[in-house]
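Below you'll find the structure, written out as structure tokens, and then a few comments.
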Amino acid sequence: MRKLVPEYIENLKIYQAGKPIEELAREKGLTKISKLASNENPLGPSPFAIRAMTQKLWDLHRYPDMHAYALKAKLCEMYHLKNENIILGNGSEGIMAYIARAFIQPGDEIVTSENTFIGFYILARGVGANIKTVPLNEQYRYDVEKMAAQITEKTKAVYIANPNNPTGTYLTKKEFDYLMGYVPDHCIVILDEAYFEYADDACEDYPNSMDYRYDNVITLRTFSKAYGLSGIRCGYGFAHENFIKNLTKVKLPFEPNALAQVGALGALEDQPHLRRTLRKNKMFYKDLLKYLYRNDFNPIESVTNFVTFKTGSTEASMYLFESLLNEGVIIRHLKSNEMPEYVRISIGTKDEMDHFYEAMNKVLPKYNDKFGRIS
Ligand SMILES: Cc1ncc(COP(=O)(O)O)c(C=O)c1O
């Protein structure tokens with residue numbers, strides 16, 4: 001009998017996002033909540049973005065500009081590109097969905113790493129792709145040699161999150177060049193740079209994909225992270241014009257929506273806000289690392305706005321997650337990333353980080369009694 005739902009859809013697990021603040025408030029009756037679970041910019045969006053979106057509210061009876069002329073023009077100016085090289089979508093994940101729709105067919109092979117962005121696995125499996133993964137290396141970094149060894153004539157796509165979520169580690173220029181040496185022309189490379197602004201600021205040997213011109217590579221970036229606009233769902237992709245043309249054929253015409261277009265443009269026009277974001281992030285990242293080391297955890301050093309560390313067991317990470325929830329602090333346990341012994345913390349504001357340290361100080365004595373220290 002023919003099935004109503006394809007097996008690859010039946011087998012999919014639904015994506016679990018970080019717990020929303022409202023949900024925790026409802027469940028526990030808490031008033032003070034710090035969400036450090038979804039790698040958002042805790043400073044919020046630039047006032048330029050807010051002003052632009054507020055003005056746009058009066059125009060919401062009109063459809064958005066389907067060519068997103070103004071936003072694309074700004075991106076062209078910033079990155080010295082042509083309009084034909086850019087696609088915009090509902091978050092960078094929205095563009096990933098277009099890539100899956102336009103390029104991947106059931107049974108196609110995709111090479112990537114274990115413990116990378118879950119959203120990508122879901123999208124790829126959702127079109128019936130066969131995903132080949134290799135483990136991260138001992139430093140929690142992509143193992144480019146093992147990935148290269150998995151690429152065959154049948155490989156249709158390679159997915160690289162650079163920097164990687166949930167580890168916060170990155171692929172160097174040398175490693176990227178090495179991997180590209182193994183990618184055949186008929187295979188596309190999805191270079192997911194959701195945390196580009198943080199990594200570019202933090203490390204010298206981070207490969208800025210704008211310096212490369214491969215016809216089969218698409219770079220994805222987003223307004224959700226450093227630009228503080230997760231809520232409007234706006235991402236952008238850069239690639240060869242043929243690549244973009246094919247994506248445009250499957251794109252929903254009015255994405256991104258009208259508020260997202262003007263909000264994103266406002267955000268790009270406020271580079272001081274971005275610099276402030278990066279400065280504060282760096283400062284609070286250093287404090288967080290010190291705190292974790294001082295308490296005998298072993299954090300993975302990150303070039304992003306989040307830090308992941310090992311607790312020692314699935315039970316310990318669930319205990320830490322639940323105990324912090326009771327204190328009004330939402331972090332992320334990494335069960336769905338197949339890293340059940342790990343938790344991830346996004347860098348918040350000073351207030352939110354103080355709340356986290358306070359909650360940890362309260363929770364740790366019992367935690368240490370139960371699970372011991374893991375140094
Ligand atoms: C590596 C990575 N790629 C993509 C995304 C999705 O970003 P967007 O909000 O632009 O869809 C995320 C979000 O957490 C991410 O961590």
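Residue numbering restarts at 1 for every chain of the structure tokens, chains are lettered A, B, ... in their displayed order, and ligands are numbered from 1 as they appear.
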
For Asp270 (chain A), please output as a CSV table (one decimal) with N, CA, C and O atoms, in the first residue's frame all residues within 10 Å (counting only C-alpha atoms; exclusion window: fewer than 6 positions along the same chain).
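Result file is around.csv:
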chain,number,residue,atom,x,y,z
A,45,PRO,N,17.9,44.9,18.9
A,45,PRO,CA,18.2,45.5,17.6
A,45,PRO,C,18.6,46.9,17.8
A,45,PRO,O,18.4,47.6,18.8
A,46,SER,N,19.3,47.4,16.7
A,46,SER,CA,19.6,48.9,16.7
A,46,SER,C,18.3,49.7,16.7
A,46,SER,O,17.3,49.4,16.1
A,47,PRO,N,18.4,50.9,17.4
A,47,PRO,CA,17.3,51.8,17.3
A,47,PRO,C,16.9,52.2,15.9
A,47,PRO,O,15.7,52.5,15.6
A,48,PHE,N,17.9,52.2,15.0
A,48,PHE,CA,17.6,52.5,13.6
A,48,PHE,C,16.6,51.5,13.0
A,48,PHE,O,15.7,51.9,12.3
A,49,ALA,N,16.8,50.2,13.4
A,49,ALA,CA,16.0,49.2,12.9
A,49,ALA,C,14.6,49.3,13.5
A,49,ALA,O,13.6,49.2,12.8
A,227,TYR,N,23.1,41.1,14.7
A,227,TYR,CA,22.3,42.3,14.4
A,227,TYR,C,21.0,42.3,15.3
A,227,TYR,O,20.2,43.2,15.2

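For ligand 1, the neighbouring polymer residues at 6 Å or closer are Gly91, Ser92, Glu93, Phe117, Ala161, Asn164, Asn165, Asp192, Ala194, Thr222, Ser224, Ser230, Arg233 and Gly235 of chain A, only C-alpha atoms and all ligand atoms being used.
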
Could you write out that same residue set with all heavy atoms as an mmCIF file, in the first residue's frame?
data_model
loop_
_atom_site.group_PDB
_atom_site.id
_atom_site.type_symbol
_atom_site.label_atom_id
_atom_site.label_comp_id
_atom_site.auth_asym_id
_atom_site.auth_seq_id
_atom_site.Cartn_x
_atom_site.Cartn_y
_atom_site.Cartn_z
ATOM 1 N N GLY A 91 15.041 34.282 7.369
ATOM 2 C CA GLY A 91 16.170 33.756 8.133
ATOM 3 C C GLY A 91 17.086 32.991 7.194
ATOM 4 O O GLY A 91 16.696 32.655 6.069
ATOM 5 N N SER A 92 18.301 32.711 7.668
ATOM 6 C CA SER A 92 19.194 31.935 6.794
ATOM 7 C C SER A 92 18.639 30.518 6.647
ATOM 8 O O SER A 92 18.858 29.851 5.635
ATOM 9 C CB SER A 92 20.627 31.929 7.327
ATOM 10 O OG SER A 92 20.663 31.541 8.663
ATOM 11 N N GLU A 93 17.872 30.094 7.632
ATOM 12 C CA GLU A 93 17.259 28.774 7.537
ATOM 13 C C GLU A 93 16.224 28.728 6.412
ATOM 14 O O GLU A 93 16.045 27.697 5.760
ATOM 15 C CB GLU A 93 16.589 28.433 8.872
ATOM 16 C CG GLU A 93 16.849 27.015 9.270
ATOM 17 C CD GLU A 93 16.302 26.681 10.642
ATOM 18 O OE1 GLU A 93 16.210 27.579 11.503
ATOM 19 O OE2 GLU A 93 15.971 25.509 10.844
ATOM 20 N N PHE A 117 24.710 22.225 13.166
ATOM 21 C CA PHE A 117 23.406 22.877 13.298
ATOM 22 C C PHE A 117 22.246 21.916 12.974
ATOM 23 O O PHE A 117 22.143 21.437 11.836
ATOM 24 C CB PHE A 117 23.394 24.096 12.383
ATOM 25 C CG PHE A 117 22.092 24.837 12.383
ATOM 26 C CD1 PHE A 117 21.522 25.274 13.567
ATOM 27 C CD2 PHE A 117 21.443 25.112 11.193
ATOM 28 C CE1 PHE A 117 20.318 25.954 13.577
ATOM 29 C CE2 PHE A 117 20.243 25.808 11.181
ATOM 30 C CZ PHE A 117 19.684 26.220 12.379
ATOM 31 N N ALA A 161 29.034 24.662 8.840
ATOM 32 C CA ALA A 161 28.640 25.811 9.658
ATOM 33 C C ALA A 161 29.938 26.398 10.190
ATOM 34 O O ALA A 161 30.656 25.746 10.951
ATOM 35 C CB ALA A 161 27.744 25.372 10.805
ATOM 36 N N ASN A 164 30.903 26.782 13.954
ATOM 37 C CA ASN A 164 29.915 25.728 14.174
ATOM 38 C C ASN A 164 29.056 26.015 15.406
ATOM 39 O O ASN A 164 29.530 26.521 16.408
ATOM 40 C CB ASN A 164 30.658 24.401 14.369
ATOM 41 C CG ASN A 164 29.701 23.229 14.445
ATOM 42 O OD1 ASN A 164 28.691 23.196 13.745
ATOM 43 N ND2 ASN A 164 29.998 22.275 15.306
ATOM 44 N N ASN A 165 27.799 25.705 15.292
ATOM 45 C CA ASN A 165 26.892 25.682 16.431
ATOM 46 C C ASN A 165 26.549 24.205 16.640
ATOM 47 O O ASN A 165 26.115 23.574 15.681
ATOM 48 C CB ASN A 165 25.627 26.488 16.095
ATOM 49 C CG ASN A 165 24.570 26.399 17.163
ATOM 50 O OD1 ASN A 165 24.835 25.999 18.279
ATOM 51 N ND2 ASN A 165 23.352 26.773 16.805
ATOM 52 N N ASP A 192 27.567 28.096 5.970
ATOM 53 C CA ASP A 192 26.634 28.760 6.882
ATOM 54 C C ASP A 192 27.428 29.640 7.851
ATOM 55 O O ASP A 192 28.118 29.132 8.741
ATOM 56 C CB ASP A 192 25.845 27.666 7.616
ATOM 57 C CG ASP A 192 24.885 28.226 8.647
ATOM 58 O OD1 ASP A 192 24.952 29.424 8.949
ATOM 59 O OD2 ASP A 192 24.060 27.444 9.168
ATOM 60 N N ALA A 194 26.304 32.000 10.096
ATOM 61 C CA ALA A 194 25.344 32.706 10.953
ATOM 62 C C ALA A 194 26.055 33.574 12.011
ATOM 63 O O ALA A 194 25.528 34.597 12.437
ATOM 64 C CB ALA A 194 24.413 31.701 11.629
ATOM 65 N N THR A 222 23.004 36.101 8.439
ATOM 66 C CA THR A 222 21.702 36.359 9.042
ATOM 67 C C THR A 222 21.656 37.650 9.853
ATOM 68 O O THR A 222 22.697 38.119 10.331
ATOM 69 C CB THR A 222 21.307 35.164 9.946
ATOM 70 O OG1 THR A 222 20.016 35.399 10.493
ATOM 71 C CG2 THR A 222 22.279 34.957 11.088
ATOM 72 N N SER A 224 19.747 37.496 12.465
ATOM 73 C CA SER A 224 19.223 36.947 13.722
ATOM 74 C C SER A 224 20.210 37.005 14.879
ATOM 75 O O SER A 224 19.802 36.916 16.025
ATOM 76 C CB SER A 224 18.859 35.467 13.539
ATOM 77 O OG SER A 224 17.864 35.312 12.584
ATOM 78 N N SER A 230 16.441 38.348 15.523
ATOM 79 C CA SER A 230 15.931 36.970 15.338
ATOM 80 C C SER A 230 14.438 36.962 15.049
ATOM 81 O O SER A 230 13.944 36.139 14.277
ATOM 82 C CB SER A 230 16.142 36.132 16.606
ATOM 83 O OG SER A 230 17.453 36.220 17.058
ATOM 84 N N ARG A 233 12.988 37.322 11.301
ATOM 85 C CA ARG A 233 13.323 36.263 10.343
ATOM 86 C C ARG A 233 13.844 36.841 9.031
ATOM 87 O O ARG A 233 13.108 36.987 8.057
ATOM 88 C CB ARG A 233 12.117 35.342 10.064
ATOM 89 C CG ARG A 233 11.366 34.876 11.248
ATOM 90 C CD ARG A 233 12.228 34.096 12.236
ATOM 91 N NE ARG A 233 12.895 32.977 11.633
ATOM 92 C CZ ARG A 233 14.237 32.810 11.653
ATOM 93 N NH1 ARG A 233 15.039 33.682 12.255
ATOM 94 N NH2 ARG A 233 14.787 31.761 11.085
ATOM 95 N N GLY A 235 17.386 36.588 6.537
ATOM 96 C CA GLY A 235 18.745 36.122 6.282
ATOM 97 C C GLY A 235 19.103 36.424 4.837
ATOM 98 O O GLY A 235 18.241 36.765 4.030
#

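Among A:Leu57, A:Ala258, A:Glu114, A:Ala149, the residue with the shortest atom-to-atom distance to Met339 (chain A), counting only C-alpha atoms, is A:Glu114.
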
One decimal, Å: what's the distance from CA of Gly119 (chain A) over to CA of Thr155 (chain A), could you say?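 Value for the CA of Gly119 (chain A)-CA of Thr155 (chain A) distance: 19.9 Å.
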
Per residue of region 191-267 of chain A within 9 Å of region 68-80 of chain A, note the shortest atom pair and the distance in Å to one decimal, counting only C-alpha atoms, and order the rows by chain and increasing residue number, as JSON lines.
{"residue": "A:Met210", "atom": "CA", "partner": "A:Tyr79", "partner_atom": "CA", "distance": 7.4}
{"residue": "A:Phe254", "atom": "CA", "partner": "A:Ala68", "partner_atom": "CA", "distance": 8.9}
{"residue": "A:Glu255", "atom": "CA", "partner": "A:Ala68", "partner_atom": "CA", "distance": 8.8}
{"residue": "A:Pro256", "atom": "CA", "partner": "A:Ala68", "partner_atom": "CA", "distance": 7.9}
{"residue": "A:Ala258", "atom": "CA", "partner": "A:Ala68", "partner_atom": "CA", "distance": 8.6}
{"residue": "A:Gln261", "atom": "CA", "partner": "A:Leu71", "partner_atom": "CA", "distance": 6.3}
{"residue": "A:Val262", "atom": "CA", "partner": "A:Leu71", "partner_atom": "CA", "distance": 7.3}
{"residue": "A:Ala264", "atom": "CA", "partner": "A:Leu71", "partner_atom": "CA", "distance": 7.2}
{"residue": "A:Leu265", "atom": "CA", "partner": "A:Leu71", "partner_atom": "CA", "distance": 5.3}

Find the spatial neighbours of Pro20 (chain A), counting only C-alpha atoms, within a cut-off of 12 Å - ignore same-chain residues fewer than 2 positions away - and output them as a ChimeraX atom specification. /A:16-18,22-27,33-38,325,328-332

Can you write out the residues you just picked, keeping N, CA and C atoms, as a PDB file, in the first residue's frame?
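Dumped everything to selection_22.pdb:
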ATOM      1  N   GLN A  16      13.472  21.366  18.188  1.00  0.00           N
ATOM      2  CA  GLN A  16      13.148  21.935  19.498  1.00  0.00           C
ATOM      3  C   GLN A  16      13.972  23.192  19.701  1.00  0.00           C
ATOM      4  N   ALA A  17      13.278  24.305  19.784  1.00  0.00           N
ATOM      5  CA  ALA A  17      13.988  25.574  19.976  1.00  0.00           C
ATOM      6  C   ALA A  17      14.244  25.792  21.464  1.00  0.00           C
ATOM      7  N   GLY A  18      15.043  26.812  21.781  1.00  0.00           N
ATOM      8  CA  GLY A  18      15.250  27.190  23.181  1.00  0.00           C
ATOM      9  C   GLY A  18      13.900  27.540  23.812  1.00  0.00           C
ATOM     10  N   GLU A  22       8.167  33.341  27.876  1.00  0.00           N
ATOM     11  CA  GLU A  22       6.756  33.327  28.292  1.00  0.00           C
ATOM     12  C   GLU A  22       6.350  31.951  28.806  1.00  0.00           C
ATOM     13  N   GLU A  23       6.894  30.901  28.155  1.00  0.00           N
ATOM     14  CA  GLU A  23       6.541  29.529  28.536  1.00  0.00           C
ATOM     15  C   GLU A  23       7.037  29.233  29.960  1.00  0.00           C
ATOM     16  N   LEU A  24       8.288  29.626  30.229  1.00  0.00           N
ATOM     17  CA  LEU A  24       8.841  29.369  31.560  1.00  0.00           C
ATOM     18  C   LEU A  24       8.088  30.180  32.609  1.00  0.00           C
ATOM     19  N   ALA A  25       7.757  31.423  32.262  1.00  0.00           N
ATOM     20  CA  ALA A  25       7.016  32.274  33.199  1.00  0.00           C
ATOM     21  C   ALA A  25       5.681  31.616  33.548  1.00  0.00           C
ATOM     22  N   ARG A  26       5.018  31.072  32.525  1.00  0.00           N
ATOM     23  CA  ARG A  26       3.722  30.405  32.720  1.00  0.00           C
ATOM     24  C   ARG A  26       3.886  29.160  33.588  1.00  0.00           C
ATOM     25  N   GLU A  27       4.907  28.358  33.258  1.00  0.00           N
ATOM     26  CA  GLU A  27       5.067  27.077  33.952  1.00  0.00           C
ATOM     27  C   GLU A  27       5.454  27.239  35.412  1.00  0.00           C
ATOM     28  N   ILE A  33      13.389  36.288  34.457  1.00  0.00           N
ATOM     29  CA  ILE A  33      13.858  35.194  33.601  1.00  0.00           C
ATOM     30  C   ILE A  33      14.976  35.693  32.690  1.00  0.00           C
ATOM     31  N   SER A  34      16.043  34.909  32.600  1.00  0.00           N
ATOM     32  CA  SER A  34      17.121  35.243  31.663  1.00  0.00           C
ATOM     33  C   SER A  34      17.242  34.119  30.657  1.00  0.00           C
ATOM     34  N   LYS A  35      17.024  34.460  29.406  1.00  0.00           N
ATOM     35  CA  LYS A  35      17.097  33.425  28.365  1.00  0.00           C
ATOM     36  C   LYS A  35      18.487  33.441  27.727  1.00  0.00           C
ATOM     37  N   LEU A  36      19.225  32.379  27.983  1.00  0.00           N
ATOM     38  CA  LEU A  36      20.584  32.258  27.437  1.00  0.00           C
ATOM     39  C   LEU A  36      20.633  30.974  26.616  1.00  0.00           C
ATOM     40  N   ALA A  37      19.655  30.838  25.729  1.00  0.00           N
ATOM     41  CA  ALA A  37      19.467  29.530  25.086  1.00  0.00           C
ATOM     42  C   ALA A  37      19.466  29.546  23.565  1.00  0.00           C
ATOM     43  N   SER A  38      19.377  30.714  22.941  1.00  0.00           N
ATOM     44  CA  SER A  38      19.209  30.679  21.478  1.00  0.00           C
ATOM     45  C   SER A  38      20.190  31.582  20.734  1.00  0.00           C
ATOM     46  N   LEU A 325      16.601  26.280  35.294  1.00  0.00           N
ATOM     47  CA  LEU A 325      15.231  26.698  34.928  1.00  0.00           C
ATOM     48  C   LEU A 325      14.461  27.135  36.169  1.00  0.00           C
ATOM     49  N   GLY A 328      15.061  30.492  37.012  1.00  0.00           N
ATOM     50  CA  GLY A 328      14.688  31.468  35.993  1.00  0.00           C
ATOM     51  C   GLY A 328      15.749  31.688  34.913  1.00  0.00           C
ATOM     52  N   VAL A 329      16.692  30.755  34.810  1.00  0.00           N
ATOM     53  CA  VAL A 329      17.725  30.900  33.777  1.00  0.00           C
ATOM     54  C   VAL A 329      17.567  29.775  32.753  1.00  0.00           C
ATOM     55  N   ILE A 330      17.376  30.176  31.501  1.00  0.00           N
ATOM     56  CA  ILE A 330      17.185  29.157  30.450  1.00  0.00           C
ATOM     57  C   ILE A 330      18.495  28.971  29.699  1.00  0.00           C
ATOM     58  N   ILE A 331      19.083  27.780  29.822  1.00  0.00           N
ATOM     59  CA  ILE A 331      20.242  27.470  28.987  1.00  0.00           C
ATOM     60  C   ILE A 331      19.815  26.359  28.026  1.00  0.00           C
ATOM     61  N   ARG A 332      20.745  25.773  27.310  1.00  0.00           N
ATOM     62  CA  ARG A 332      20.367  24.725  26.362  1.00  0.00           C
ATOM     63  C   ARG A 332      21.085  23.429  26.700  1.00  0.00           C
TER      64      ARG A 332
END
